[in-house]
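Text of query.cif (mmCIF, N, CA and C atoms) as supplied:
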```cif
data_start
loop_
_atom_site.label_atom_id
_atom_site.label_comp_id
_atom_site.auth_asym_id
_atom_site.auth_seq_id
_atom_site.Cartn_x
_atom_site.Cartn_y
_atom_site.Cartn_z
N MET H 1 -8.47 -2.49 -1.00
CA MET H 1 -7.27 -2.30 -0.20
C MET H 1 -7.66 -2.07 1.25
N ASN H 2 -6.99 -2.75 2.15
CA ASN H 2 -7.17 -2.53 3.58
C ASN H 2 -6.34 -1.30 3.95
N GLU H 3 -6.99 -0.20 4.27
CA GLU H 3 -6.27 1.05 4.54
C GLU H 3 -5.50 1.02 5.85
N HIS H 4 -5.78 0.06 6.72
CA HIS H 4 -5.05 -0.03 7.99
C HIS H 4 -3.83 -0.93 7.89
N HIS H 5 -3.76 -1.74 6.86
CA HIS H 5 -2.60 -2.61 6.64
C HIS H 5 -2.52 -2.95 5.15
N PRO H 6 -2.12 -1.97 4.33
CA PRO H 6 -2.07 -2.20 2.88
C PRO H 6 -1.05 -3.27 2.50
N GLN H 7 -1.50 -4.23 1.71
CA GLN H 7 -0.63 -5.29 1.20
C GLN H 7 -1.02 -5.57 -0.25
N PHE H 8 -0.01 -5.72 -1.10
CA PHE H 8 -0.24 -5.94 -2.52
C PHE H 8 0.59 -7.11 -3.01
N TRP H 9 0.00 -7.91 -3.87
CA TRP H 9 0.69 -8.97 -4.59
C TRP H 9 0.78 -8.47 -6.03
N PHE H 10 1.96 -8.54 -6.63
CA PHE H 10 2.13 -7.96 -7.97
C PHE H 10 3.19 -8.69 -8.77
N ARG H 11 3.14 -8.47 -10.08
CA ARG H 11 4.06 -9.14 -11.01
C ARG H 11 5.29 -8.28 -11.35
N ALA H 12 5.09 -7.07 -11.82
CA ALA H 12 6.18 -6.18 -12.24
C ALA H 12 7.10 -6.85 -13.26
N GLU H 13 6.50 -7.52 -14.23
CA GLU H 13 7.29 -8.23 -15.23
C GLU H 13 8.19 -7.31 -16.04
N HIS H 14 7.79 -6.04 -16.18
CA HIS H 14 8.60 -5.09 -16.93
C HIS H 14 9.94 -4.78 -16.25
N VAL H 15 10.04 -5.06 -14.94
CA VAL H 15 11.31 -4.86 -14.24
C VAL H 15 12.28 -5.99 -14.59
N GLY H 16 11.74 -7.14 -14.94
CA GLY H 16 12.56 -8.25 -15.40
C GLY H 16 13.32 -8.96 -14.30
N ALA H 17 12.86 -8.84 -13.06
CA ALA H 17 13.56 -9.45 -11.95
C ALA H 17 13.11 -10.90 -11.75
N GLU H 18 14.06 -11.76 -11.49
CA GLU H 18 13.74 -13.16 -11.17
C GLU H 18 13.45 -13.25 -9.67
N PHE H 19 12.78 -14.31 -9.26
CA PHE H 19 12.39 -14.47 -7.87
C PHE H 19 13.54 -15.02 -7.04
N THR H 20 14.58 -14.17 -6.93
CA THR H 20 15.79 -14.49 -6.18
C THR H 20 16.11 -13.30 -5.29
N THR H 21 17.16 -13.44 -4.49
CA THR H 21 17.59 -12.32 -3.65
C THR H 21 17.98 -11.12 -4.52
N GLN H 22 18.67 -11.38 -5.61
CA GLN H 22 19.03 -10.29 -6.53
C GLN H 22 17.78 -9.67 -7.13
N GLY H 23 16.79 -10.48 -7.48
CA GLY H 23 15.53 -9.96 -7.99
C GLY H 23 14.83 -9.08 -6.97
N GLU H 24 14.88 -9.46 -5.70
CA GLU H 24 14.29 -8.63 -4.64
C GLU H 24 14.97 -7.27 -4.59
N ARG H 25 16.29 -7.26 -4.76
CA ARG H 25 17.01 -5.99 -4.77
C ARG H 25 16.55 -5.11 -5.94
N GLN H 26 16.36 -5.73 -7.10
CA GLN H 26 15.90 -4.98 -8.27
C GLN H 26 14.49 -4.42 -8.05
N ILE H 27 13.60 -5.25 -7.53
CA ILE H 27 12.23 -4.81 -7.27
C ILE H 27 12.22 -3.68 -6.24
N ALA H 28 13.00 -3.82 -5.17
CA ALA H 28 13.05 -2.79 -4.14
C ALA H 28 13.61 -1.48 -4.70
N ALA H 29 14.63 -1.55 -5.52
CA ALA H 29 15.19 -0.34 -6.14
C ALA H 29 14.14 0.32 -7.04
N TRP H 30 13.40 -0.49 -7.80
CA TRP H 30 12.36 0.05 -8.67
C TRP H 30 11.25 0.70 -7.83
N LEU H 31 10.81 0.03 -6.77
CA LEU H 31 9.78 0.60 -5.90
C LEU H 31 10.24 1.91 -5.27
N ARG H 32 11.49 1.95 -4.85
CA ARG H 32 12.04 3.18 -4.25
C ARG H 32 11.96 4.33 -5.25
N GLU H 33 12.37 4.08 -6.47
CA GLU H 33 12.31 5.14 -7.49
C GLU H 33 10.87 5.59 -7.75
N GLN H 34 9.94 4.65 -7.75
CA GLN H 34 8.53 5.01 -7.96
C GLN H 34 8.00 5.85 -6.81
N LEU H 35 8.37 5.50 -5.57
CA LEU H 35 7.94 6.27 -4.40
C LEU H 35 8.56 7.66 -4.40
N LYS H 36 9.82 7.76 -4.81
CA LYS H 36 10.47 9.07 -4.93
C LYS H 36 9.74 9.93 -5.96
N ALA H 37 9.35 9.32 -7.07
CA ALA H 37 8.65 10.06 -8.14
C ALA H 37 7.32 10.61 -7.66
N VAL H 38 6.68 9.93 -6.70
CA VAL H 38 5.42 10.42 -6.14
C VAL H 38 5.67 11.56 -5.17
N GLY H 39 6.90 11.68 -4.66
CA GLY H 39 7.23 12.78 -3.77
C GLY H 39 7.67 12.39 -2.37
N TYR H 40 7.81 11.11 -2.11
CA TYR H 40 8.26 10.67 -0.79
C TYR H 40 9.77 10.76 -0.68
N GLU H 41 10.23 11.08 0.52
CA GLU H 41 11.65 11.00 0.83
C GLU H 41 11.90 9.59 1.34
N VAL H 42 12.67 8.83 0.60
CA VAL H 42 12.89 7.41 0.93
C VAL H 42 14.38 7.10 0.99
N GLN H 43 14.71 6.19 1.87
CA GLN H 43 16.09 5.73 1.98
C GLN H 43 16.31 4.55 1.03
N ALA H 44 17.57 4.24 0.81
CA ALA H 44 17.90 3.07 0.00
C ALA H 44 17.37 1.82 0.67
N PRO H 45 16.92 0.85 -0.11
CA PRO H 45 16.41 -0.40 0.49
C PRO H 45 17.48 -1.09 1.33
N GLN H 46 17.03 -1.71 2.41
CA GLN H 46 17.91 -2.49 3.27
C GLN H 46 17.50 -3.95 3.20
N GLU H 47 18.50 -4.81 3.12
CA GLU H 47 18.22 -6.24 3.07
C GLU H 47 17.92 -6.76 4.46
N ARG H 48 16.88 -7.56 4.54
CA ARG H 48 16.47 -8.24 5.77
C ARG H 48 16.46 -9.74 5.51
N SER H 49 16.29 -10.52 6.53
CA SER H 49 16.28 -11.97 6.36
C SER H 49 15.10 -12.44 5.52
N TRP H 50 14.04 -11.66 5.46
CA TRP H 50 12.82 -12.04 4.75
C TRP H 50 12.64 -11.29 3.44
N GLY H 51 13.52 -10.35 3.11
CA GLY H 51 13.37 -9.58 1.87
C GLY H 51 14.02 -8.22 1.98
N GLN H 52 13.36 -7.21 1.44
CA GLN H 52 13.89 -5.85 1.40
C GLN H 52 12.96 -4.90 2.13
N ARG H 53 13.53 -3.86 2.75
CA ARG H 53 12.75 -2.84 3.46
C ARG H 53 13.15 -1.46 2.96
N ILE H 54 12.13 -0.68 2.58
CA ILE H 54 12.33 0.70 2.14
C ILE H 54 11.72 1.60 3.20
N CYS H 55 12.52 2.51 3.75
CA CYS H 55 12.04 3.44 4.78
C CYS H 55 11.55 4.73 4.12
N ILE H 56 10.32 5.12 4.46
CA ILE H 56 9.74 6.39 4.02
C ILE H 56 9.85 7.36 5.18
N GLN H 57 10.54 8.46 4.96
CA GLN H 57 10.76 9.43 6.01
C GLN H 57 9.50 10.28 6.23
N LEU H 58 8.80 10.00 7.30
CA LEU H 58 7.64 10.75 7.74
C LEU H 58 7.83 11.02 9.23
N PRO H 59 7.00 11.85 9.86
CA PRO H 59 7.16 12.08 11.30
C PRO H 59 7.25 10.76 12.10
N VAL H 60 6.44 9.79 11.76
CA VAL H 60 6.61 8.41 12.25
C VAL H 60 6.98 7.61 11.01
N PRO H 61 8.25 7.15 10.92
CA PRO H 61 8.68 6.46 9.71
C PRO H 61 7.78 5.26 9.38
N LEU H 62 7.48 5.13 8.10
CA LEU H 62 6.76 3.97 7.60
C LEU H 62 7.70 3.21 6.69
N TYR H 63 7.39 1.94 6.48
CA TYR H 63 8.22 1.08 5.65
C TYR H 63 7.38 0.40 4.59
N VAL H 64 8.01 0.15 3.46
CA VAL H 64 7.44 -0.73 2.45
C VAL H 64 8.36 -1.94 2.43
N ASP H 65 7.82 -3.06 2.87
CA ASP H 65 8.56 -4.32 2.86
C ASP H 65 8.18 -5.08 1.60
N CYS H 66 9.17 -5.67 0.94
CA CYS H 66 8.86 -6.42 -0.27
C CYS H 66 9.75 -7.66 -0.36
N ALA H 67 9.16 -8.70 -0.94
CA ALA H 67 9.86 -9.98 -1.11
C ALA H 67 9.06 -10.84 -2.08
N ALA H 68 9.67 -11.92 -2.50
CA ALA H 68 8.96 -12.89 -3.33
C ALA H 68 7.89 -13.59 -2.50
N ALA H 69 6.73 -13.81 -3.09
CA ALA H 69 5.61 -14.42 -2.36
C ALA H 69 5.98 -15.78 -1.79
N ARG H 70 6.71 -16.57 -2.53
CA ARG H 70 7.07 -17.90 -2.04
C ARG H 70 7.99 -17.82 -0.84
N ARG H 71 8.82 -16.80 -0.79
CA ARG H 71 9.71 -16.62 0.36
C ARG H 71 8.92 -16.17 1.59
N VAL H 72 7.98 -15.26 1.39
CA VAL H 72 7.18 -14.74 2.50
C VAL H 72 6.26 -15.82 3.07
N THR H 73 5.60 -16.54 2.19
CA THR H 73 4.62 -17.53 2.64
C THR H 73 5.26 -18.86 3.03
N GLY H 74 6.45 -19.12 2.51
CA GLY H 74 7.09 -20.41 2.77
C GLY H 74 6.45 -21.55 2.00
N SER H 75 5.60 -21.20 1.06
CA SER H 75 4.88 -22.22 0.30
C SER H 75 5.36 -22.29 -1.14
N PRO H 76 5.69 -23.48 -1.63
CA PRO H 76 6.06 -23.61 -3.04
C PRO H 76 4.85 -23.42 -3.96
N PHE H 77 3.65 -23.38 -3.37
CA PHE H 77 2.43 -23.22 -4.15
C PHE H 77 1.97 -21.77 -4.27
N ALA H 78 2.68 -20.86 -3.61
CA ALA H 78 2.35 -19.44 -3.74
C ALA H 78 2.59 -19.02 -5.19
N PRO H 79 1.80 -18.06 -5.68
CA PRO H 79 1.99 -17.65 -7.07
C PRO H 79 3.35 -17.00 -7.29
N PRO H 80 3.87 -17.08 -8.50
CA PRO H 80 5.15 -16.43 -8.81
C PRO H 80 4.93 -14.92 -8.93
N CYS H 81 5.04 -14.26 -7.80
CA CYS H 81 4.82 -12.81 -7.77
C CYS H 81 5.56 -12.23 -6.57
N TRP H 82 5.43 -10.93 -6.41
CA TRP H 82 6.04 -10.19 -5.30
C TRP H 82 4.95 -9.75 -4.34
N ILE H 83 5.34 -9.55 -3.09
CA ILE H 83 4.44 -8.97 -2.09
C ILE H 83 5.08 -7.69 -1.58
N ALA H 84 4.29 -6.64 -1.50
CA ALA H 84 4.74 -5.38 -0.88
C ALA H 84 3.68 -4.99 0.14
N GLU H 85 4.12 -4.59 1.32
CA GLU H 85 3.16 -4.14 2.32
C GLU H 85 3.71 -2.95 3.07
N VAL H 86 2.79 -2.10 3.52
CA VAL H 86 3.15 -0.92 4.29
C VAL H 86 3.10 -1.30 5.76
N THR H 87 4.15 -0.93 6.49
CA THR H 87 4.20 -1.26 7.91
C THR H 87 4.96 -0.15 8.66
N ALA H 88 5.03 -0.30 9.97
CA ALA H 88 5.78 0.62 10.83
C ALA H 88 6.60 -0.22 11.80
N GLU H 89 7.58 0.39 12.43
CA GLU H 89 8.38 -0.33 13.41
C GLU H 89 7.47 -0.87 14.50
N GLY H 90 7.57 -2.15 14.77
CA GLY H 90 6.71 -2.76 15.77
C GLY H 90 5.32 -3.10 15.25
N GLY H 91 5.08 -2.87 13.96
CA GLY H 91 3.78 -3.18 13.37
C GLY H 91 2.86 -1.98 13.36
N LEU H 92 1.76 -2.12 12.66
CA LEU H 92 0.76 -1.06 12.58
C LEU H 92 -0.27 -1.31 13.66
N ARG H 93 -0.19 -0.55 14.71
CA ARG H 93 -1.17 -0.73 15.78
C ARG H 93 -1.48 0.61 16.41
N ALA H 94 -2.65 0.71 16.90
CA ALA H 94 -3.08 1.91 17.61
C ALA H 94 -3.48 1.49 19.01
N GLY H 95 -3.31 2.36 19.94
CA GLY H 95 -3.74 2.04 21.29
C GLY H 95 -2.94 2.81 22.31
N ARG H 96 -3.35 2.69 23.54
CA ARG H 96 -2.70 3.42 24.62
C ARG H 96 -1.30 2.89 24.91
N GLU H 97 -1.12 1.58 24.81
CA GLU H 97 0.14 0.96 25.19
C GLU H 97 1.19 1.02 24.09
N GLY H 98 0.77 0.88 22.84
CA GLY H 98 1.72 0.75 21.75
C GLY H 98 1.97 2.07 21.04
N ARG H 99 2.98 2.04 20.23
CA ARG H 99 3.28 3.20 19.39
C ARG H 99 2.16 3.34 18.37
N LEU H 100 1.71 4.52 18.20
CA LEU H 100 0.60 4.77 17.30
C LEU H 100 1.12 5.08 15.91
N ALA H 101 0.83 4.23 14.96
CA ALA H 101 1.16 4.51 13.57
C ALA H 101 0.03 5.38 13.02
N PRO H 102 0.35 6.52 12.45
CA PRO H 102 -0.69 7.44 11.96
C PRO H 102 -1.46 6.83 10.79
N LEU H 103 -2.68 6.42 11.05
CA LEU H 103 -3.45 5.68 10.05
C LEU H 103 -3.72 6.48 8.77
N PRO H 104 -3.96 7.79 8.83
CA PRO H 104 -4.13 8.51 7.55
C PRO H 104 -2.89 8.42 6.66
N GLU H 105 -1.69 8.48 7.25
CA GLU H 105 -0.46 8.38 6.48
C GLU H 105 -0.30 6.97 5.91
N VAL H 106 -0.62 5.97 6.72
CA VAL H 106 -0.56 4.58 6.26
C VAL H 106 -1.48 4.40 5.05
N ALA H 107 -2.70 4.90 5.18
CA ALA H 107 -3.68 4.78 4.09
C ALA H 107 -3.20 5.52 2.84
N GLN H 108 -2.60 6.71 3.01
CA GLN H 108 -2.12 7.48 1.85
C GLN H 108 -0.98 6.75 1.14
N VAL H 109 -0.02 6.23 1.91
CA VAL H 109 1.07 5.46 1.30
C VAL H 109 0.48 4.25 0.58
N GLY H 110 -0.50 3.59 1.19
CA GLY H 110 -1.15 2.45 0.56
C GLY H 110 -1.82 2.82 -0.75
N ARG H 111 -2.53 3.95 -0.77
CA ARG H 111 -3.19 4.39 -2.01
C ARG H 111 -2.16 4.72 -3.09
N ASP H 112 -1.07 5.39 -2.69
CA ASP H 112 -0.02 5.71 -3.66
C ASP H 112 0.64 4.44 -4.19
N LEU H 113 0.89 3.49 -3.31
CA LEU H 113 1.48 2.23 -3.73
C LEU H 113 0.52 1.47 -4.65
N GLN H 114 -0.76 1.52 -4.34
CA GLN H 114 -1.76 0.87 -5.19
C GLN H 114 -1.75 1.48 -6.59
N ARG H 115 -1.64 2.80 -6.68
CA ARG H 115 -1.57 3.46 -7.99
C ARG H 115 -0.30 3.05 -8.73
N ILE H 116 0.82 3.07 -8.03
CA ILE H 116 2.10 2.70 -8.65
C ILE H 116 2.03 1.27 -9.19
N LEU H 117 1.61 0.36 -8.35
CA LEU H 117 1.61 -1.05 -8.72
C LEU H 117 0.49 -1.40 -9.68
N GLY H 118 -0.65 -0.76 -9.53
CA GLY H 118 -1.76 -1.04 -10.43
C GLY H 118 -1.51 -0.52 -11.83
N ASP H 119 -0.84 0.63 -11.92
CA ASP H 119 -0.57 1.22 -13.22
C ASP H 119 0.43 0.40 -14.04
N SER H 120 1.45 -0.12 -13.37
CA SER H 120 2.52 -0.71 -14.15
C SER H 120 2.92 -2.12 -13.74
N ALA H 121 2.32 -2.66 -12.70
CA ALA H 121 2.82 -3.94 -12.20
C ALA H 121 1.74 -5.01 -12.06
N GLY H 122 0.53 -4.73 -12.47
CA GLY H 122 -0.52 -5.73 -12.40
C GLY H 122 -0.83 -6.18 -10.99
N ALA H 123 -0.98 -5.25 -10.06
CA ALA H 123 -1.18 -5.59 -8.64
C ALA H 123 -2.61 -6.00 -8.35
N TRP H 124 -2.73 -6.82 -7.32
CA TRP H 124 -4.03 -7.07 -6.72
C TRP H 124 -3.84 -6.98 -5.22
N SER H 125 -4.87 -6.51 -4.51
CA SER H 125 -4.78 -6.25 -3.07
C SER H 125 -5.20 -7.47 -2.27
N HIS H 126 -4.68 -7.52 -1.05
CA HIS H 126 -5.09 -8.53 -0.08
C HIS H 126 -5.52 -7.83 1.17
#
```

How would this structure read if it were set down as structure tokens?
Amino acid sequence: MNEHHPQFWFRAEHVGAEFTTQGERQIAAWLREQLKAVGYEVQAPQERSWGQRICIQLPVPLYVDCAAARRVTGSPFAPPCWIAEVTAEGGLRAGREGRLAPLPEVAQVGRDLQRILGDSAGAWSH
């Protein structure tokens, strides 16, 4: 797992969601419940043009974005799976000019997401 930009490709077949907009809503709702169970304060998923976004309430809010791999990549050859990645508003970047996303928090959310998805969703990291 890249601790500075955690991204996971996963199946979550037990959720039973199809690779549609409705399926994205189901996957996002399931991910939200899993994150809540770990102890995060999370908002309801919001629909975006590219998928779903779950906001994790931290001093600097972080997001878990999720969508079908084929929708994200634009490729019909992408595997039939979901992609979830941890991000922040404006992206994950550090530096003098940009907003600093706290990397330890990003890494912790990534590790928790890896445990959630690895335990029950057959995840692999990118």

message: Residues near Trp50 of chain H, anyone? I mean within 10 Å using only C-alpha atoms, not counting same-chain ones fewer than 4 positions away, as a list in words.
response: Thr21, Asp65, Cys66, Ala67, Ala68, Arg71 and Val72 of chain H

query: Exactly which residues make up the result of the PyMOL selection byres ((chain H and resi 45) around 7) on this file, given as an NGL selection string?
result: :H and (28-29 or 32 or 42-44 or 46-47 or 52-55)

message: If I take atom CA of Tyr63 of chain H and atom CA of Ala12 of chain H, how far is one from the other in Å, to one decimal?
response: 19.4 Å

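With all atoms listed in the file as the atoms that count, the minimum distance from Pro80 of chain H to the choices H:Arg11, H:Pro59, H:Gly23, H:Gly51 is reached by H:Arg11.
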
- prompt: Nearest to Pro61 of chain H among H:Thr20, H:Trp82, H:Glu105, H:Ser75, with distances taken over only C-alpha atoms: which residue is it?
  reply: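 Once distances to Pro61 of chain H are computed over only C-alpha atoms, the minimum belongs to H:Glu105.
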
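For the pair atom CA of Phe10 of chain H and atom N of Val60 of chain H, the separation is 26.9 Å.
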
field: Residue set, chain H restricted to strand (DSSP E or B), as a PyMOL selection string
entry: chain H and resi 7-10+42+46-48+51-56+62-68+82-88+124-125

message: So, with only C-alpha atoms as the atoms that count, which of H:Gln22, H:Ser49, H:Thr87, H:Thr73 lies closest to Val109 of chain H?
response: H:Thr87

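Reported to one decimal place, the separation of atom CA of Glu41 of chain H from atom C of Trp9 of chain H is 23.3 Å.
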
task: Enumerate as a VMD selection string all residues of chain H assigned to helix (DSSP H, G or I) by DSSP on the backbone, naming them with the chain letters and numbers the document uses.
output: chain H and resid 13 to 15 21 to 38 69 to 73 103 to 120

Those selected residues, please, written with N, CA and C atoms and delivered as a short mmCIF file (atom, residue, chain, number, x, y, z; two decimals), keeping the file's coordinate frame.
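Printed below is part-v6.cif as written:
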```cif
data_model
loop_
_atom_site.label_atom_id
_atom_site.label_comp_id
_atom_site.auth_asym_id
_atom_site.auth_seq_id
_atom_site.Cartn_x
_atom_site.Cartn_y
_atom_site.Cartn_z
N GLU H 13 6.50 -7.52 -14.23
CA GLU H 13 7.29 -8.23 -15.23
C GLU H 13 8.19 -7.31 -16.04
N HIS H 14 7.79 -6.04 -16.18
CA HIS H 14 8.60 -5.09 -16.93
C HIS H 14 9.94 -4.78 -16.25
N VAL H 15 10.04 -5.06 -14.94
CA VAL H 15 11.31 -4.86 -14.24
C VAL H 15 12.28 -5.99 -14.59
N THR H 21 17.16 -13.44 -4.49
CA THR H 21 17.59 -12.32 -3.65
C THR H 21 17.98 -11.12 -4.52
N GLN H 22 18.67 -11.38 -5.61
CA GLN H 22 19.03 -10.29 -6.53
C GLN H 22 17.78 -9.67 -7.13
N GLY H 23 16.79 -10.48 -7.48
CA GLY H 23 15.53 -9.96 -7.99
C GLY H 23 14.83 -9.08 -6.97
N GLU H 24 14.88 -9.46 -5.70
CA GLU H 24 14.29 -8.63 -4.64
C GLU H 24 14.97 -7.27 -4.59
N ARG H 25 16.29 -7.26 -4.76
CA ARG H 25 17.01 -5.99 -4.77
C ARG H 25 16.55 -5.11 -5.94
N GLN H 26 16.36 -5.73 -7.10
CA GLN H 26 15.90 -4.98 -8.27
C GLN H 26 14.49 -4.42 -8.05
N ILE H 27 13.60 -5.25 -7.53
CA ILE H 27 12.23 -4.81 -7.27
C ILE H 27 12.22 -3.68 -6.24
N ALA H 28 13.00 -3.82 -5.17
CA ALA H 28 13.05 -2.79 -4.14
C ALA H 28 13.61 -1.48 -4.70
N ALA H 29 14.63 -1.55 -5.52
CA ALA H 29 15.19 -0.34 -6.14
C ALA H 29 14.14 0.32 -7.04
N TRP H 30 13.40 -0.49 -7.80
CA TRP H 30 12.36 0.05 -8.67
C TRP H 30 11.25 0.70 -7.83
N LEU H 31 10.81 0.03 -6.77
CA LEU H 31 9.78 0.60 -5.90
C LEU H 31 10.24 1.91 -5.27
N ARG H 32 11.49 1.95 -4.85
CA ARG H 32 12.04 3.18 -4.25
C ARG H 32 11.96 4.33 -5.25
N GLU H 33 12.37 4.08 -6.47
CA GLU H 33 12.31 5.14 -7.49
C GLU H 33 10.87 5.59 -7.75
N GLN H 34 9.94 4.65 -7.75
CA GLN H 34 8.53 5.01 -7.96
C GLN H 34 8.00 5.85 -6.81
N LEU H 35 8.37 5.50 -5.57
CA LEU H 35 7.94 6.27 -4.40
C LEU H 35 8.56 7.66 -4.40
N LYS H 36 9.82 7.76 -4.81
CA LYS H 36 10.47 9.07 -4.93
C LYS H 36 9.74 9.93 -5.96
N ALA H 37 9.35 9.32 -7.07
CA ALA H 37 8.65 10.06 -8.14
C ALA H 37 7.32 10.61 -7.66
N VAL H 38 6.68 9.93 -6.70
CA VAL H 38 5.42 10.42 -6.14
C VAL H 38 5.67 11.56 -5.17
N ALA H 69 6.73 -13.81 -3.09
CA ALA H 69 5.61 -14.42 -2.36
C ALA H 69 5.98 -15.78 -1.79
N ARG H 70 6.71 -16.57 -2.53
CA ARG H 70 7.07 -17.90 -2.04
C ARG H 70 7.99 -17.82 -0.84
N ARG H 71 8.82 -16.80 -0.79
CA ARG H 71 9.71 -16.62 0.36
C ARG H 71 8.92 -16.17 1.59
N VAL H 72 7.98 -15.26 1.39
CA VAL H 72 7.18 -14.74 2.50
C VAL H 72 6.26 -15.82 3.07
N THR H 73 5.60 -16.54 2.19
CA THR H 73 4.62 -17.53 2.64
C THR H 73 5.26 -18.86 3.03
N LEU H 103 -2.68 6.42 11.05
CA LEU H 103 -3.45 5.68 10.05
C LEU H 103 -3.72 6.48 8.77
N PRO H 104 -3.96 7.79 8.83
CA PRO H 104 -4.13 8.51 7.55
C PRO H 104 -2.89 8.42 6.66
N GLU H 105 -1.69 8.48 7.25
CA GLU H 105 -0.46 8.38 6.48
C GLU H 105 -0.30 6.97 5.91
N VAL H 106 -0.62 5.97 6.72
CA VAL H 106 -0.56 4.58 6.26
C VAL H 106 -1.48 4.40 5.05
N ALA H 107 -2.70 4.90 5.18
CA ALA H 107 -3.68 4.78 4.09
C ALA H 107 -3.20 5.52 2.84
N GLN H 108 -2.60 6.71 3.01
CA GLN H 108 -2.12 7.48 1.85
C GLN H 108 -0.98 6.75 1.14
N VAL H 109 -0.02 6.23 1.91
CA VAL H 109 1.07 5.46 1.30
C VAL H 109 0.48 4.25 0.58
N GLY H 110 -0.50 3.59 1.19
CA GLY H 110 -1.15 2.45 0.56
C GLY H 110 -1.82 2.82 -0.75
N ARG H 111 -2.53 3.95 -0.77
CA ARG H 111 -3.19 4.39 -2.01
C ARG H 111 -2.16 4.72 -3.09
N ASP H 112 -1.07 5.39 -2.69
CA ASP H 112 -0.02 5.71 -3.66
C ASP H 112 0.64 4.44 -4.19
N LEU H 113 0.89 3.49 -3.31
CA LEU H 113 1.48 2.23 -3.73
C LEU H 113 0.52 1.47 -4.65
N GLN H 114 -0.76 1.52 -4.34
CA GLN H 114 -1.76 0.87 -5.19
C GLN H 114 -1.75 1.48 -6.59
N ARG H 115 -1.64 2.80 -6.68
CA ARG H 115 -1.57 3.46 -7.99
C ARG H 115 -0.30 3.05 -8.73
N ILE H 116 0.82 3.07 -8.03
CA ILE H 116 2.10 2.70 -8.65
C ILE H 116 2.03 1.27 -9.19
N LEU H 117 1.61 0.36 -8.35
CA LEU H 117 1.61 -1.05 -8.72
C LEU H 117 0.49 -1.40 -9.68
N GLY H 118 -0.65 -0.76 -9.53
CA GLY H 118 -1.76 -1.04 -10.43
C GLY H 118 -1.51 -0.52 -11.83
N ASP H 119 -0.84 0.63 -11.92
CA ASP H 119 -0.57 1.22 -13.22
C ASP H 119 0.43 0.40 -14.04
N SER H 120 1.45 -0.12 -13.37
CA SER H 120 2.52 -0.71 -14.15
C SER H 120 2.92 -2.12 -13.74
#
```

Taking all atoms of segment 35-54 of chain H that appear in the file, build a box with edges along x, y and z, extend it by 8 Å on every side, and state its centre and edge lengths in Å to one decimal, as lines of an AutoDock Vina configuration file.
```
center_x = 12.0
center_y = 0.2
center_z = -0.8
size_x = 29.1
size_y = 41.2
size_z = 30.7
```

Selection near Val86 of chain H, 7 Å with all atoms listed in the file, sequence-local residues under 4 positions removed, as a PyMOL selection string: chain H and resi 5-8+62-65+106+109-110

- request: Counting only N, CA and C atoms, figure out which residue out of H:Ile116, H:Ala107, H:Ile27, H:Ile56 gets nearest to Tyr40 of chain H.
  value: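 Using only N, CA and C atoms, Tyr40 of chain H sits closest to H:Ile56.
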